[in-house]
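Presented below is the structure to which this report refers.
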Amino acid sequence: MGHCYRFSGYYNGSVLKEKVIEVYFDEYEMILTFFEQGRNKFLIEKIHSITISCINQVQFSLEIVASTPNLDKKHFLMEVRKSSFFDNEKEQNFLNFRQFIDAFYEQEIETKFKLVRVSCESSSSTKFGRTTRVYKRR
């Protein structure tokens with residue numbers, strides 16, 4: 001049984017404008033569909049590392065490094081930011097991304113990867129704290 005999530009966010013350098021991202025994964029494969037940029041499909045077993053970053057619970061990013069069928073390493077970066085003002089649509093979008101990360105962690109990361117690094121950074125000038133967790137295949 002697979003999981004499918006859809007949300008708007010930034011990916012692979014699309015920092016100027018949010019785009020629709022659709023993620024499907026099951027125990028064998030992951031399909032990332034970045035609308036206007038195409039579809040990327042790869043086997044879960046080809047994922048080398050996963051990095052999850054969080055800035056004060058208002059911005060999450062997920063980076064996946066995986067081998068593609070032609071054995072190139074490819075980086076997939078997805079980022080979603082929570083709105084600083086009350087906006088139901090933005091709030092729901094942020095929750096969809098969080099649900100995807102939670103489900104992916106529970107189904108895949110927790111059992112097939114090990115935590116290799118945790119870093120916490122804070123900036124007194126901006127009062128932002130960033131927590132980053134890096135996982136590698138067991």
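In the structure tokens, each chain is lettered A, B, ... as it comes, each chain's residues begin at 1, and ligands are numbered from 1 in order of appearance.
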
Spatial neighbours of A:Lys19, 7 Å, only C-alpha atoms, chain gap at least 4 places, as a ChimeraX atom specification | /A:8-10,35

Compile the contact shell of A:Glu121 as a ChimeraX atom specification: residues with an atom at most 10 Å away, counting only C-alpha atoms, same-chain residues fewer than 5 positions apart removed.
-> /A:55,128-132

Counting only C-alpha atoms, what is within 9 Å of stretch 95-108 of chain A, bar same-chain residues fewer than 2 positions away, as a list in words?
->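 The contact residues come out as His3, Cys4, Tyr5, Arg6, Phe7, Ser8, Gly9, Val23, Phe25, Asp26, Glu27, Ile44, Ile52, Phe60, Leu62, Glu79, Val80, Lys82, Lys90, Glu91, Gln92, Asn93, Glu110, Thr111, Lys112 and Phe113 of chain A.
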
Choose the residue, out of A:Asn56, A:Ser122, A:Ser67, A:Ser61, that has the smallest atom-to-atom separation from A:Leu43; count only C-alpha atoms.
-> A:Ser67

Tell me, which residues of chain A carry DSSP strand (DSSP E or B), written as a PyMOL selection string?
-> chain A and resi 3-11+19-25+29-34+38-43+47-55+59-67+73-81+113-123+128-137

Would you list the contacts of stretch 39-41 of chain A as JSON, numbers by chain, taking every protein, DNA or RNA residue within 8 Å and counting only C-alpha atoms, but skipping same-chain residues closer than 6 positions in sequence?
-> {"A": [29, 30, 31, 32, 33, 68]}

Can you write out the residues you just picked, keeping N, CA and C atoms, as a PDB file, in the first residue's frame?
ATOM      1  N   GLU A  29       9.467   1.899  -4.027  1.00  0.00           N
ATOM      2  CA  GLU A  29       9.855   3.011  -4.887  1.00  0.00           C
ATOM      3  C   GLU A  29       9.287   4.330  -4.405  1.00  0.00           C
ATOM      4  N   MET A  30       9.877   5.402  -4.934  1.00  0.00           N
ATOM      5  CA  MET A  30       9.385   6.745  -4.677  1.00  0.00           C
ATOM      6  C   MET A  30       9.256   7.439  -6.023  1.00  0.00           C
ATOM      7  N   ILE A  31       8.164   8.157  -6.201  1.00  0.00           N
ATOM      8  CA  ILE A  31       7.961   8.939  -7.411  1.00  0.00           C
ATOM      9  C   ILE A  31       7.746  10.385  -6.984  1.00  0.00           C
ATOM     10  N   LEU A  32       8.633  11.263  -7.425  1.00  0.00           N
ATOM     11  CA  LEU A  32       8.514  12.687  -7.150  1.00  0.00           C
ATOM     12  C   LEU A  32       8.060  13.360  -8.435  1.00  0.00           C
ATOM     13  N   THR A  33       6.948  14.043  -8.383  1.00  0.00           N
ATOM     14  CA  THR A  33       6.463  14.771  -9.549  1.00  0.00           C
ATOM     15  C   THR A  33       6.538  16.253  -9.230  1.00  0.00           C
ATOM     16  N   THR A  68      20.008   7.285  -9.737  1.00  0.00           N
ATOM     17  CA  THR A  68      18.999   7.143 -10.771  1.00  0.00           C
ATOM     18  C   THR A  68      19.320   5.888 -11.583  1.00  0.00           C
TER      19      THR A  68
END

Pull the alpha helix (DSSP H) assignments for chain A out of DSSP run on the backbone, and list those residues as a compact mmCIF listing (two decimals) with N, CA, C and O atoms, in the first residue's frame.
# COMPACT_ATOMS: atom_id res chain seq x y z
N ASN A 88 -5.47 29.70 6.14
CA ASN A 88 -5.87 28.29 6.22
C ASN A 88 -5.24 27.44 5.14
O ASN A 88 -4.81 26.32 5.38
N GLU A 89 -5.16 27.97 3.92
CA GLU A 89 -4.61 27.20 2.81
C GLU A 89 -3.12 26.92 3.02
O GLU A 89 -2.64 25.82 2.83
N LYS A 90 -2.37 27.95 3.45
CA LYS A 90 -0.93 27.78 3.72
C LYS A 90 -0.72 26.83 4.90
O LYS A 90 0.20 26.02 4.89
N GLU A 91 -1.55 26.96 5.90
CA GLU A 91 -1.44 26.09 7.07
C GLU A 91 -1.68 24.64 6.69
O GLU A 91 -0.94 23.75 7.09
N GLN A 92 -2.70 24.37 5.88
CA GLN A 92 -2.99 23.01 5.44
C GLN A 92 -1.87 22.47 4.56
O GLN A 92 -1.49 21.31 4.66
N ASN A 93 -1.33 23.31 3.70
CA ASN A 93 -0.21 22.91 2.86
C ASN A 93 0.99 22.49 3.71
O ASN A 93 1.63 21.46 3.46
N PHE A 94 1.29 23.27 4.73
CA PHE A 94 2.40 22.96 5.64
C PHE A 94 2.14 21.64 6.36
O PHE A 94 3.04 20.80 6.48
N LEU A 95 0.90 21.43 6.80
CA LEU A 95 0.55 20.18 7.48
C LEU A 95 0.67 18.98 6.53
O LEU A 95 1.10 17.90 6.95
N ASN A 96 0.32 19.15 5.26
CA ASN A 96 0.47 18.07 4.29
C ASN A 96 1.93 17.65 4.16
O ASN A 96 2.25 16.47 4.08
N PHE A 97 2.82 18.63 4.11
CA PHE A 97 4.25 18.33 4.01
C PHE A 97 4.74 17.62 5.28
O PHE A 97 5.48 16.65 5.21
N ARG A 98 4.31 18.12 6.44
CA ARG A 98 4.68 17.47 7.71
C ARG A 98 4.18 16.04 7.75
O ARG A 98 4.88 15.14 8.22
N GLN A 99 2.95 15.79 7.28
CA GLN A 99 2.41 14.44 7.27
C GLN A 99 3.23 13.54 6.36
O GLN A 99 3.49 12.38 6.68
N PHE A 100 3.67 14.07 5.21
CA PHE A 100 4.53 13.30 4.31
C PHE A 100 5.83 12.94 5.02
O PHE A 100 6.26 11.78 5.00
N ILE A 101 6.49 13.92 5.63
CA ILE A 101 7.76 13.64 6.32
C ILE A 101 7.55 12.61 7.43
O ILE A 101 8.33 11.68 7.58
N ASP A 102 6.49 12.77 8.23
CA ASP A 102 6.22 11.82 9.31
C ASP A 102 5.98 10.41 8.78
O ASP A 102 6.51 9.44 9.32
N ALA A 103 5.18 10.28 7.73
CA ALA A 103 4.89 8.95 7.17
C ALA A 103 6.14 8.34 6.55
O ALA A 103 6.41 7.15 6.72
N PHE A 104 6.92 9.15 5.83
CA PHE A 104 8.14 8.65 5.21
C PHE A 104 9.14 8.22 6.28
O PHE A 104 9.80 7.19 6.15
N GLU A 110 13.08 5.22 9.55
CA GLU A 110 13.27 4.60 10.86
C GLU A 110 13.82 3.18 10.77
O GLU A 110 14.61 2.77 11.61
N THR A 111 13.45 2.45 9.73
CA THR A 111 13.86 1.04 9.63
C THR A 111 15.05 0.80 8.71
O THR A 111 15.78 -0.16 8.90
N LYS A 112 15.27 1.66 7.73
CA LYS A 112 16.29 1.39 6.72
C LYS A 112 17.49 2.33 6.77
O LYS A 112 18.45 2.16 6.03

With only C-alpha atoms as the basis for distance, which of A:Arg81, A:Lys17, A:Lys114, A:Arg137 is at the shortest distance from A:Ala66?
-> A:Arg137

Please, what distance in Å, to one decimal, runs between atom CA of A:Glu63 and atom CA of A:Asp87?
-> 26.2 Å

Between atom CA of A:His48 and atom CA of A:Val116, what is the distance, to one decimal in Å?
->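 Calculated distance between atom CA of A:His48 and atom CA of A:Val116 is 12.3 Å.
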
Go through A:Asn12, A:Phe34, A:Tyr28, A:Ser119 and flag the residue nearest A:Lys74, using only C-alpha atoms for the distances.
->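 With only C-alpha atoms as the atom set, the closest residue is A:Asn12.
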
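The space separating atom CA of A:Phe42 from atom CA of A:Tyr135 comes to 17.9 Å.
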
For A:Leu77, which residue out of A:Ile47, A:Val118, A:Val58, A:Ile64 is the nearest one, using only C-alpha atoms?
->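 The shortest atom-to-atom distance to A:Leu77 comes from A:Ile64.
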
From the set A:Lys73, A:Gln37, A:Ser49, A:Phe86, which residue has the shortest atom-to-atom contact distance to A:Ile109, counting only C-alpha atoms?
-> A:Ser49

Write out as a list in words which residues come within 6 Å of A:Val134 when counting only C-alpha atoms, dropping same-chain ones fewer than 4 positions away.
-> Ile50, Thr51, Leu115, Val116 and Arg117 of chain A
